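**Student:** Got a structure for you, model_28.cif, holding mmCIF, C-alpha atoms.
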```
data_final
loop_
_atom_site.label_atom_id
_atom_site.label_comp_id
_atom_site.auth_asym_id
_atom_site.auth_seq_id
_atom_site.Cartn_x
_atom_site.Cartn_y
_atom_site.Cartn_z
CA MET A 1411 13.54 5.26 -36.07
CA ASP A 1412 12.72 3.77 -39.43
CA ARG A 1413 11.70 6.56 -41.79
CA ASN A 1414 9.43 4.24 -43.77
CA GLN A 1415 7.25 3.90 -40.72
CA ILE A 1416 6.64 7.59 -40.08
CA SER A 1417 3.30 7.45 -41.89
CA LYS A 1418 2.27 4.52 -39.71
CA TRP A 1419 3.26 6.42 -36.60
CA ILE A 1420 1.17 9.38 -37.61
CA LYS A 1421 -1.77 7.21 -38.65
CA SER A 1422 -2.05 5.10 -35.52
CA PRO A 1423 0.47 5.97 -32.83
CA VAL A 1424 -1.23 3.79 -30.22
CA LYS A 1425 -0.85 0.66 -32.28
CA MET A 1426 2.82 1.41 -32.94
CA GLY A 1427 3.29 1.97 -29.25
CA HIS A 1428 1.81 -1.43 -28.47
CA LYS A 1429 3.98 -3.00 -31.10
CA TYR A 1430 7.32 -1.76 -29.89
CA SER A 1431 6.86 -1.99 -26.15
CA LEU A 1432 5.88 -5.55 -25.39
CA HIS A 1433 6.11 -6.20 -21.66
CA ALA A 1434 6.36 -9.90 -21.03
CA VAL A 1435 5.05 -11.28 -17.78
CA TYR A 1436 7.76 -13.32 -16.13
CA PHE A 1437 5.68 -16.43 -15.56
CA CYS A 1438 7.58 -19.70 -15.38
CA THR A 1439 5.77 -22.67 -16.88
CA GLY A 1440 7.47 -25.98 -17.49
CA CYS A 1441 10.92 -26.40 -18.97
CA GLY A 1442 10.77 -23.67 -21.64
CA ILE A 1443 11.47 -20.97 -19.11
CA ILE A 1444 15.13 -21.99 -19.30
CA GLU A 1445 15.27 -20.24 -22.69
CA ILE A 1446 13.97 -16.95 -21.28
CA PRO A 1447 16.95 -15.78 -19.14
CA PRO A 1448 19.45 -15.96 -22.04
CA SER A 1449 17.02 -14.28 -24.41
CA ILE A 1450 16.32 -11.32 -22.14
CA THR A 1451 19.91 -10.82 -21.02
CA ALA A 1452 23.06 -9.80 -22.84
CA ARG A 1453 23.50 -12.86 -25.07
CA TRP A 1454 20.37 -12.35 -27.18
CA ASP A 1455 19.06 -9.13 -25.63
CA ALA A 1456 15.31 -9.06 -26.16
CA GLU A 1457 15.23 -5.34 -25.48
CA ARG A 1458 16.40 -4.78 -29.06
CA PHE A 1459 12.88 -5.84 -30.01
CA GLY A 1460 11.25 -3.86 -27.25
CA VAL A 1461 10.48 -6.95 -25.17
CA ILE A 1462 11.20 -6.55 -21.49
CA PRO A 1463 10.12 -8.78 -18.60
CA VAL A 1464 8.07 -7.18 -15.87
CA ALA A 1465 7.31 -8.28 -12.38
CA THR A 1466 3.54 -8.44 -12.26
CA SER A 1467 0.78 -9.25 -14.68
CA ARG A 1468 -0.82 -5.83 -14.16
CA GLN A 1469 2.08 -4.21 -16.01
CA ALA A 1470 2.36 -6.76 -18.79
CA ASN A 1471 0.82 -7.21 -22.21
CA LEU A 1472 2.74 -10.21 -23.57
CA PHE A 1473 2.18 -13.63 -22.04
CA LEU A 1474 4.62 -16.39 -23.00
CA ILE A 1475 3.44 -19.86 -22.00
CA THR A 1476 6.75 -21.69 -21.94
CA GLY A 1477 6.11 -25.38 -21.76
CA TYR A 1478 3.70 -28.01 -20.53
CA VAL A 1479 0.68 -26.77 -18.61
CA SER A 1480 -0.51 -28.89 -15.71
CA LEU A 1481 -3.96 -28.47 -14.23
CA LYS A 1482 -2.62 -26.49 -11.31
CA THR A 1483 -0.61 -24.20 -13.58
CA LEU A 1484 -3.59 -23.58 -15.83
CA LYS A 1485 -5.46 -22.12 -12.89
CA ALA A 1486 -2.63 -19.65 -12.30
CA ILE A 1487 -2.42 -18.93 -16.03
CA ILE A 1488 -6.12 -18.07 -16.25
CA ARG A 1489 -5.91 -15.78 -13.25
CA THR A 1490 -2.77 -14.09 -14.59
CA TYR A 1491 -4.30 -13.67 -18.02
CA GLU A 1492 -7.46 -12.12 -16.61
CA GLN A 1493 -5.42 -9.65 -14.56
CA MET A 1494 -3.43 -8.35 -17.52
CA ALA A 1495 -4.44 -5.01 -19.00
CA GLU A 1496 -5.72 -4.92 -22.56
CA PRO A 1497 -4.43 -5.15 -25.22
CA LYS A 1498 -2.77 -8.41 -24.31
CA PHE A 1499 -1.11 -10.99 -26.49
CA THR A 1500 -0.49 -14.65 -25.71
CA VAL A 1501 2.17 -16.77 -27.35
CA GLY A 1502 2.45 -20.51 -26.75
CA PHE A 1503 6.08 -21.55 -26.66
CA GLY A 1504 7.12 -25.15 -27.37
CA SER A 1505 5.10 -28.09 -28.54
CA CYS A 1506 3.42 -28.93 -25.22
CA PRO A 1507 0.86 -26.06 -25.12
CA ILE A 1508 0.04 -26.73 -28.79
CA ASN A 1509 -1.13 -30.34 -28.54
CA GLY A 1510 0.36 -31.85 -25.39
CA GLY A 1511 3.72 -32.72 -26.93
CA MET A 1512 5.38 -35.56 -25.10
CA TYR A 1513 2.66 -35.37 -22.45
CA TRP A 1514 -0.01 -36.40 -24.96
CA ASP A 1515 -1.39 -39.12 -22.68
CA SER A 1516 -0.66 -37.59 -19.30
CA TYR A 1517 -3.43 -37.61 -16.73
CA ASN A 1518 -2.61 -34.17 -15.34
CA THR A 1519 -1.49 -32.04 -18.29
CA ILE A 1520 -3.89 -30.14 -20.52
CA LYS A 1521 -3.43 -30.86 -24.21
CA HIS A 1522 -4.64 -27.78 -26.08
CA LEU A 1523 -4.09 -24.44 -24.40
CA ASP A 1524 -6.33 -22.53 -26.81
CA LYS A 1525 -9.39 -24.31 -25.47
CA TYR A 1526 -9.06 -22.38 -22.21
CA ILE A 1527 -7.52 -19.02 -23.08
CA PRO A 1528 -7.12 -17.40 -26.51
CA VAL A 1529 -3.65 -17.73 -28.03
CA ASP A 1530 -2.36 -15.37 -30.71
CA GLY A 1531 0.62 -17.33 -31.95
CA TRP A 1532 2.59 -20.49 -31.49
CA ILE A 1533 6.28 -21.26 -31.50
CA ALA A 1534 6.74 -24.92 -32.39
CA GLY A 1535 9.67 -27.01 -31.26
CA CYS A 1536 10.99 -28.86 -28.28
CA MET A 1537 12.81 -26.66 -27.26
CA PRO A 1538 12.66 -23.67 -29.60
CA ARG A 1539 15.88 -21.66 -29.65
CA PRO A 1540 15.83 -18.10 -28.26
CA GLU A 1541 16.00 -16.83 -31.84
CA ALA A 1542 12.55 -18.35 -32.35
CA ILE A 1543 11.17 -15.99 -29.72
CA PHE A 1544 12.34 -13.03 -31.81
CA VAL A 1545 10.90 -14.52 -34.98
CA ALA A 1546 7.63 -14.85 -33.08
CA VAL A 1547 7.88 -11.26 -31.87
CA THR A 1548 8.37 -9.95 -35.40
CA HIS A 1549 5.41 -12.06 -36.54
CA LEU A 1550 3.41 -10.61 -33.68
CA TRP A 1551 4.27 -7.11 -34.92
CA THR A 1552 2.78 -8.00 -38.29
CA LEU A 1553 -0.32 -9.41 -36.61
CA ILE A 1554 -0.74 -6.27 -34.51
CA ASP A 1555 -0.31 -4.15 -37.63
CA ARG A 1556 -3.07 -6.02 -39.44
CA GLU A 1557 -5.24 -6.20 -36.30
CA MET A 1558 -5.11 -9.99 -36.37
CA ALA A 1559 -3.75 -10.34 -32.84
CA ASP A 1560 -7.25 -10.15 -31.42
CA GLY A 1561 -7.12 -12.82 -28.74
CA TYR A 1562 -8.28 -10.48 -26.00
CA LYS A 1563 -11.25 -9.42 -28.12
CA ARG A 1564 -12.12 -13.09 -28.70
CA TYR A 1565 -11.95 -13.63 -24.97
CA ARG A 1566 -14.43 -10.82 -24.37
CA LYS A 1567 -16.79 -11.95 -27.12
CA ASN A 1568 -16.79 -15.63 -26.20
CA TYR A 1569 -16.19 -15.38 -22.50
CA LYS A 1570 -18.99 -17.82 -21.64
CA PHE A 1571 -17.50 -20.45 -23.92
CA TYR A 1572 -14.05 -20.14 -22.38
CA ARG A 1573 -15.44 -20.06 -18.87
CA SER A 1574 -17.53 -23.17 -19.50
CA ASN A 1575 -14.44 -24.96 -20.84
CA GLN A 1576 -12.52 -23.98 -17.72
CA GLU A 1577 -15.36 -25.16 -15.51
CA LYS A 1578 -15.49 -28.49 -17.30
CA LEU A 1579 -12.00 -29.17 -15.96
CA TYR A 1580 -12.26 -27.83 -12.44
CA GLY A 1581 -15.90 -28.03 -11.56
CA LYS A 1582 -16.54 -24.76 -9.78
CA LEU A 1583 -13.89 -22.06 -10.09
CA GLU A 1584 -12.85 -20.14 -7.00
CA TRP A 1585 -13.03 -16.70 -8.58
CA PRO A 1586 -16.06 -14.87 -10.02
CA PRO A 1587 -16.43 -14.43 -13.79
CA LEU A 1588 -14.41 -11.60 -15.30
CA PHE A 1589 -17.28 -10.46 -17.54
CA GLN A 1590 -20.94 -10.86 -16.74
CA LYS A 1591 -21.98 -11.55 -20.34
CA ASP A 1592 -20.48 -12.11 -23.77
CA GLY A 1593 -19.12 -9.04 -25.49
CA ALA A 1594 -19.15 -6.84 -22.39
CA LYS A 1595 -17.58 -3.45 -22.79
CA MET B 769 29.99 -51.28 9.86
CA ASN B 770 27.39 -52.59 7.52
CA HIS B 771 28.19 -56.18 8.43
CA SER B 772 28.04 -55.57 12.16
CA MET B 773 24.76 -53.80 11.65
CA LYS B 774 23.48 -56.67 9.56
CA ASN B 775 24.18 -59.11 12.35
CA GLN B 776 22.54 -56.86 14.90
CA LEU B 777 19.44 -56.48 12.75
CA LEU B 778 19.25 -60.23 12.13
CA SER B 779 19.48 -60.95 15.84
CA LEU B 780 16.86 -58.34 16.75
CA PHE B 781 14.16 -58.92 14.15
CA THR B 782 12.55 -62.03 12.74
CA GLU B 783 11.06 -62.22 9.21
CA ILE B 784 13.80 -60.06 7.80
CA GLN B 785 16.06 -60.59 4.82
CA ILE B 786 19.18 -58.55 4.24
CA ASP B 787 21.25 -58.21 1.07
CA ILE B 788 24.47 -56.28 0.74
CA LYS B 789 25.16 -56.03 -2.97
CA LYS B 790 27.43 -53.00 -2.85
CA ASP B 791 29.77 -51.81 -0.11
CA ASN B 792 27.71 -48.76 0.68
CA GLU B 793 24.23 -50.14 0.26
CA MET B 794 22.18 -52.45 2.43
CA ILE B 795 18.81 -53.69 1.25
CA ILE B 796 16.40 -54.90 3.91
CA ASN B 797 13.23 -56.74 3.02
CA ALA B 798 10.94 -56.82 6.01
CA ALA B 799 7.39 -57.54 6.98
CA LYS B 800 4.90 -54.72 7.32
CA ASN B 801 4.79 -54.89 11.13
CA ALA B 802 8.53 -54.63 11.59
CA ILE B 803 9.26 -51.36 9.79
CA ILE B 804 8.73 -49.07 12.78
CA GLY B 805 11.19 -51.11 14.83
CA ILE B 806 13.77 -51.30 12.07
CA LEU B 807 13.54 -47.58 11.26
CA SER B 808 13.92 -46.52 14.89
CA PHE B 809 16.83 -48.92 15.32
CA CYS B 810 18.55 -47.50 12.23
CA LYS B 811 17.93 -43.97 13.46
CA SER B 812 19.57 -44.77 16.78
CA LYS B 813 22.59 -46.09 14.84
CA GLY B 814 23.14 -42.75 13.09
CA TYR B 815 20.99 -43.13 9.97
CA GLU B 816 19.08 -39.98 10.78
CA HIS B 817 18.18 -38.77 7.31
CA LEU B 818 15.13 -40.22 5.61
CA ALA B 819 15.96 -39.38 2.02
CA LEU B 820 12.88 -40.77 0.32
CA VAL B 821 9.70 -42.74 0.74
CA SER B 822 8.60 -44.27 -2.51
CA CYS B 823 6.12 -46.80 -3.76
CA VAL B 824 6.12 -49.48 -6.47
CA ASP B 825 2.99 -51.09 -7.86
CA TRP B 826 3.51 -54.84 -8.47
CA ILE B 827 0.18 -55.45 -10.14
CA GLU B 828 0.79 -59.09 -11.14
CA GLN B 829 1.69 -60.09 -7.60
CA LYS B 830 -1.12 -57.89 -6.21
CA LYS B 831 1.26 -56.05 -3.90
CA PHE B 832 2.44 -52.53 -3.25
CA GLU B 833 6.06 -52.18 -2.28
CA LEU B 834 7.03 -49.26 -0.07
CA VAL B 835 10.66 -48.19 -0.15
CA TYR B 836 12.34 -46.15 2.57
CA ILE B 837 15.83 -44.85 1.88
CA LEU B 838 17.97 -43.81 4.86
CA SER B 839 21.38 -42.27 4.99
CA PRO B 840 23.55 -40.83 7.78
CA TYR B 841 24.90 -37.33 8.03
CA PRO B 842 28.65 -37.68 7.39
CA GLU B 843 29.77 -35.68 10.45
CA GLN B 844 27.98 -38.07 12.73
CA GLU B 845 29.58 -41.12 11.20
CA PRO B 846 33.25 -41.08 12.13
CA GLU B 847 33.96 -44.53 10.72
CA PHE B 848 33.27 -43.41 7.17
CA SER B 849 35.10 -40.82 5.15
CA LYS B 850 33.00 -37.99 3.77
CA LYS B 851 33.24 -39.31 0.24
CA GLU B 852 31.52 -42.50 1.14
CA LYS B 853 27.85 -42.31 1.78
CA THR B 854 26.12 -45.42 3.00
CA ASN B 855 22.47 -46.06 2.39
CA ILE B 856 19.93 -48.35 3.95
CA ILE B 857 17.06 -49.29 1.69
CA LEU B 858 14.11 -50.74 3.54
CA LYS B 859 11.44 -52.45 1.48
CA THR B 860 8.14 -53.81 2.61
CA ARG B 861 5.25 -55.28 0.69
CA ILE B 862 1.63 -54.67 1.50
CA ASP B 863 -1.64 -56.00 0.20
CA ARG B 864 -2.98 -54.30 -2.92
CA GLU B 865 -6.67 -54.73 -2.19
CA GLN B 866 -6.70 -52.94 1.16
CA PRO B 867 -3.49 -50.93 1.20
CA GLU B 868 -2.81 -49.83 4.74
CA ILE B 869 0.40 -49.18 6.61
CA VAL B 870 1.38 -47.32 9.73
CA SER B 871 2.80 -43.84 9.27
CA VAL B 872 6.45 -43.22 10.21
CA ILE B 873 5.97 -39.54 11.07
CA ASN B 874 6.69 -40.17 14.74
CA ILE B 875 10.22 -41.28 13.87
CA PHE B 876 10.95 -39.15 10.80
CA LYS B 877 8.94 -35.94 10.61
CA ASN B 878 9.94 -35.27 7.02
CA ALA B 879 8.00 -38.34 5.89
CA GLU B 880 4.83 -36.28 5.93
CA PRO B 881 4.83 -34.90 2.37
CA TYR B 882 6.07 -38.21 0.94
CA GLU B 883 3.24 -40.10 2.58
CA ARG B 884 0.70 -37.53 1.49
CA GLU B 885 1.98 -37.84 -2.07
CA ILE B 886 1.82 -41.64 -2.00
CA HIS B 887 -1.66 -41.49 -0.53
CA GLU B 888 -2.76 -39.21 -3.32
CA LEU B 889 -1.11 -40.98 -6.25
CA PHE B 890 -1.36 -44.63 -5.14
CA GLY B 891 -4.26 -44.53 -2.70
CA ILE B 892 -2.43 -46.06 0.24
CA ASN B 893 -3.76 -45.21 3.70
CA PHE B 894 -1.20 -44.22 6.30
CA ASN B 895 -2.57 -44.84 9.78
CA GLY B 896 -1.64 -42.08 12.17
CA HIS B 897 -0.98 -39.44 9.51
CA PRO B 898 -2.47 -36.11 10.67
CA ARG B 899 -3.68 -34.83 7.29
CA LEU B 900 -4.04 -36.93 4.18
CA THR B 901 -5.44 -34.06 2.12
CA PRO B 902 -4.82 -33.44 -1.59
CA LEU B 903 -1.35 -32.17 -2.34
CA PHE B 904 -0.78 -32.01 -6.11
CA LEU B 905 -3.89 -33.05 -7.95
CA GLU B 906 -6.74 -30.72 -8.86
CA ARG B 907 -9.28 -33.27 -9.98
CA THR B 908 -10.57 -36.34 -8.19
CA TYR B 909 -9.76 -39.69 -9.76
CA LYS B 910 -11.69 -42.92 -9.37
CA ILE B 911 -8.47 -44.93 -9.58
CA PRO B 912 -5.41 -43.16 -8.19
CA PRO B 913 -3.41 -42.17 -11.27
CA PHE B 914 -0.09 -43.86 -10.50
CA ARG B 915 -1.60 -47.32 -10.18
CA LYS B 916 -0.78 -49.59 -13.09
CA ASN B 917 -4.43 -50.24 -13.90
CA PHE B 918 -5.12 -46.52 -14.49
CA ASP B 919 -5.57 -46.15 -18.25
CA THR B 920 -4.15 -42.72 -19.05
CA ARG B 921 -5.11 -42.82 -22.74
CA GLU B 922 -8.72 -43.57 -21.97
CA TYR B 923 -8.75 -40.85 -19.31
CA VAL B 924 -7.35 -38.28 -21.75
CA LYS B 925 -9.97 -39.24 -24.33
CA LYS B 926 -12.74 -38.97 -21.79
CA VAL B 927 -11.70 -35.69 -20.14
CA PHE B 928 -9.40 -33.52 -22.26
CA ASP B 929 -10.52 -34.54 -25.74
CA GLU B 930 -14.19 -33.97 -24.89
CA ILE B 931 -13.64 -30.25 -24.29
CA PRO B 932 -14.54 -28.41 -27.53
CA PHE B 933 -12.30 -26.14 -29.58
CA ILE B 934 -13.42 -22.64 -30.33
CA ASP B 935 -13.96 -21.82 -34.00
CA LYS B 936 -11.58 -18.94 -34.57
CA LYS B 937 -13.27 -17.44 -37.61
CA GLU B 938 -16.66 -17.49 -35.93
CA ALA B 939 -15.22 -16.13 -32.72
CA SER B 940 -13.54 -13.05 -34.13
CA LYS B 941 -16.51 -11.91 -36.24
#
```
Now, as a test, write the supplied structure out as structure tokens.
**Tutor:**
Amino acid sequence: MDRNQISKWIKSPVKMGHKYSLHAVYFCTGCGIIEIPPSITARWDAERFGVIPVATSRQANLFLITGYVSLKTLKAIIRTYEQMAEPKFTVGFGSCPINGGMYWDSYNTIKHLDKYIPVDGWIAGCMPRPEAIFVAVTHLWTLIDREMADGYKRYRKNYKFYRSNQEKLYGKLEWPPLFQKDGAK
Amino acid sequence: MNHSMKNQLLSLFTEIQIDIKKDNEMIINAAKNAIIGILSFCKSKGYEHLALVSCVDWIEQKKFELVYILSPYPEQEPEFSKKEKTNIILKTRIDREQPEIVSVINIFKNAEPYEREIHELFGINFNGHPRLTPLFLERTYKIPPFRKNFDTREYVKKVFDEIPFIDKKEASK
């Protein structure tokens, strides 16, 4: 353990715990998922950074959206995101979730992911290298330290806005709202 | 084998045009009514695998072209070595205004998802198909999205660009 961080550990152990045990939900979206197996296995070994993939969204707190998001995938993404336990952090990986990327005029791909769920950070590139994931993870540590990775709080506070955006795409959603009103505890 | 089959097909069916451009590829252009007969004939000759049903939109000629690709299983084709795989490509053109064609499920069962997909993306009706329900798409489209006159840019502007961004600074207050 880094001795410089002992004061931080004593001050807010929960935050440090969140920082160094990021459990990524193993959710395959688009082509970027091809970068995930090498980065979690021996070649790049994400466990050095405390990132480990888990089987279900109930156990996870890091959500990597790896690639283009079609309308059908977005439904699964919203449901997965709502199932994750707080605190949860979302990172968009690749240029397609940022602004559509090469699918900028596709009829079936959403262009901006952060209209539908809150996103804490982006990794630009097509494709980003696995090293970029670790750069993003270290940035995410800084954000968690400064309490700037507040996507899940934004989702609670502005749930109606996000839900209305989701309903604009799909009409009526098949599942009930996660929160009954904005800012629910 | 291809040449003997070509002669047999020419003697059996009228309104049929056959090209053999490569040794292992036979292209049949046929009328809409003849495809059931041609497909069942090819199946009886060992071409038992329907590899693909596809569709091309010829907007200037106001036609849809349906493409059926058949190939045999090598074990059942003793005349050919296993390296060589012969294909039959059957093409038929149908009217673009009222696109209708008979389904080939009774001959090849695996045509079902292909025909569903073509129905969804091109809006072609397959008579005799048991369920032409949505397969891939989540939204309903006025013009099926794979037709050439579907303007994707306009659609994106109308649907995806209209959805508002959230103001991050306001949101996290």
**Student:** For chain A against chain B, which residues fall within 9 Å using all atoms listed in the file, given as a VMD selection string?
**Tutor:** chain A and resid 1481 to 1482 1514 to 1522 1524 to 1526 1560 to 1561 1563 to 1565 1567 to 1568 1571 to 1572 1575 1578 to 1581
**Student:** Around the point (-17.5, -15.8, -19.9) in the file's coordinates, collect all residues with an atom within 7 Å, using only C-alpha atoms, and return them as a list in words.
**Tutor:**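 Here is the list of nearby residues: Asn1568, Tyr1569, Lys1570, Phe1571, Tyr1572, Arg1573, Pro1587, Leu1588, Phe1589, Gln1590, Lys1591 and Asp1592 of chain A.
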**Student:** I'd like the interatomic distance between CA of Ala1542 (chain A) and CA of Leu1474 (chain A), to a tenth of an Å.
**Tutor:**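 A separation of 12.4 Å between them.
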**Student:** Please identify all polymer residues within 10 Å of Phe890 (chain B), counting all atoms listed in the file, omitting same-chain residues fewer than 6 positions from it, and present them as a list of chain:residue names.
**Tutor:** B:Cys823, B:Val824, B:Asp825, B:Phe832, B:Pro867, B:Arg884, B:Ile911, B:Pro912, B:Pro913, B:Phe914, B:Arg915, B:Lys916
**Student:** Quick one: residues within 8 Å of region 1500-1512 of chain A, all atoms listed in the file, excluding same-chain residues fewer than 2 positions away - as a ChimeraX atom specification?
**Tutor:** /A:1442,1472-1479,1498,1514-1515,1519-1524,1528-1538,1561
**Student:** Calculate, to one decimal in Å, the centre and edge lengths of the box along x, y and z of the file that holds all listed atoms of region 773-777 of chain B with 8 Å of margin on each side, and present them as AutoDock Vina command-line options.
**Tutor:**
```
--center_x 22.1 --center_y -56.5 --center_z 12.2 --size_x 21.3 --size_y 21.3 --size_z 21.3
```
**Student:** Expanded to explicit residues, what is the PyMOL selection byres ((chain B and resi 796) around 7) for this file, as number ranges by chain?
**Tutor:** B: 784-787, 794-795, 797-798, 857-859
**Student:** CA of Asn801 (chain B) and CA of Glu828 (chain B), how far apart in Å?
**Tutor:**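 That distance, rounded to one decimal, is 23.0 Å.
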**Student:** Which neighbours of region 898-901 of chain B fall inside 12 Å, counting only C-alpha atoms, when residues of the same chain fewer than 6 positions from it are skipped, and could you give them as a short mmCIF file (atom, residue, chain, number, x, y, z; two decimals) with C-alpha atoms, in the frame of the given file?
**Tutor:**
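Writing done, so here's selection14.cif:
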```
data_model
loop_
_atom_site.label_atom_id
_atom_site.label_comp_id
_atom_site.auth_asym_id
_atom_site.auth_seq_id
_atom_site.Cartn_x
_atom_site.Cartn_y
_atom_site.Cartn_z
CA VAL B 870 1.38 -47.32 9.73
CA SER B 871 2.80 -43.84 9.27
CA VAL B 872 6.45 -43.22 10.21
CA ILE B 873 5.97 -39.54 11.07
CA ASN B 874 6.69 -40.17 14.74
CA LYS B 877 8.94 -35.94 10.61
CA ALA B 879 8.00 -38.34 5.89
CA GLU B 880 4.83 -36.28 5.93
CA PRO B 881 4.83 -34.90 2.37
CA TYR B 882 6.07 -38.21 0.94
CA GLU B 883 3.24 -40.10 2.58
CA ARG B 884 0.70 -37.53 1.49
CA GLU B 885 1.98 -37.84 -2.07
CA ILE B 886 1.82 -41.64 -2.00
CA HIS B 887 -1.66 -41.49 -0.53
CA GLU B 888 -2.76 -39.21 -3.32
CA LEU B 889 -1.11 -40.98 -6.25
CA GLY B 891 -4.26 -44.53 -2.70
CA ILE B 892 -2.43 -46.06 0.24
CA THR B 908 -10.57 -36.34 -8.19
#
```
**Student:** Can you list, as number ranges by chain, every protein, DNA or RNA residue that comes within 12 Å of region 1455-1464 of chain A when you count only C-alpha atoms, leaving out same-chain residues fewer than 5 positions away?
**Tutor:** A: 1426-1438, 1445-1450, 1469-1474, 1494, 1540-1551
**Student:** What does the structure give for the distance between CA of Lys1421 (chain A) and CA of Leu1553 (chain A), in Å to one decimal?
**Tutor:** 16.8 Å
**Student:** Tell me, as a PyMOL selection string, which residues lie within 8 Å of Leu818 (chain B), counting only C-alpha atoms; anything in the same chain fewer than 3 positions away does not count.
**Tutor:** chain B and resi 815+821+836-839+876+878-879
**Student:** Just so the selection is clear, what residues does the PyMOL selection byres ((chain B and resi 861) around 8) cover here, as a ChimeraX atom specification?
**Tutor:** /B:798-800,831-834,859-860,862-863
**Student:** Would you write out, as a PDB file with C-alpha atoms, in the frame of the given file, every residue that the PyMOL selection byres ((chain A and resi 1490) around 9) captures in this file?
**Tutor:**
```pdb
ATOM      1  CA  VAL A1435       5.050 -11.280 -17.780  1.00  0.00           C
ATOM      2  CA  PHE A1437       5.680 -16.430 -15.560  1.00  0.00           C
ATOM      3  CA  THR A1466       3.540  -8.440 -12.260  1.00  0.00           C
ATOM      4  CA  SER A1467       0.780  -9.250 -14.680  1.00  0.00           C
ATOM      5  CA  ARG A1468      -0.820  -5.830 -14.160  1.00  0.00           C
ATOM      6  CA  PHE A1473       2.180 -13.630 -22.040  1.00  0.00           C
ATOM      7  CA  LYS A1485      -5.460 -22.120 -12.890  1.00  0.00           C
ATOM      8  CA  ALA A1486      -2.630 -19.650 -12.300  1.00  0.00           C
ATOM      9  CA  ILE A1487      -2.420 -18.930 -16.030  1.00  0.00           C
ATOM     10  CA  ILE A1488      -6.120 -18.070 -16.250  1.00  0.00           C
ATOM     11  CA  ARG A1489      -5.910 -15.780 -13.250  1.00  0.00           C
ATOM     12  CA  TYR A1491      -4.300 -13.670 -18.020  1.00  0.00           C
ATOM     13  CA  GLU A1492      -7.460 -12.120 -16.610  1.00  0.00           C
ATOM     14  CA  GLN A1493      -5.420  -9.650 -14.560  1.00  0.00           C
ATOM     15  CA  MET A1494      -3.430  -8.350 -17.520  1.00  0.00           C
TER      16      MET A1494
END
```
**Student:** Given all atoms listed in the file as the basis, pick out the residue of A:Asn1414, A:Ala1594, A:Ile1527, A:Ile1554 nearest to Ser1574 (chain A).
**Tutor:**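 Ranking A:Asn1414, A:Ala1594, A:Ile1527, A:Ile1554 by distance to Ser1574 (chain A), first place goes to A:Ile1527.
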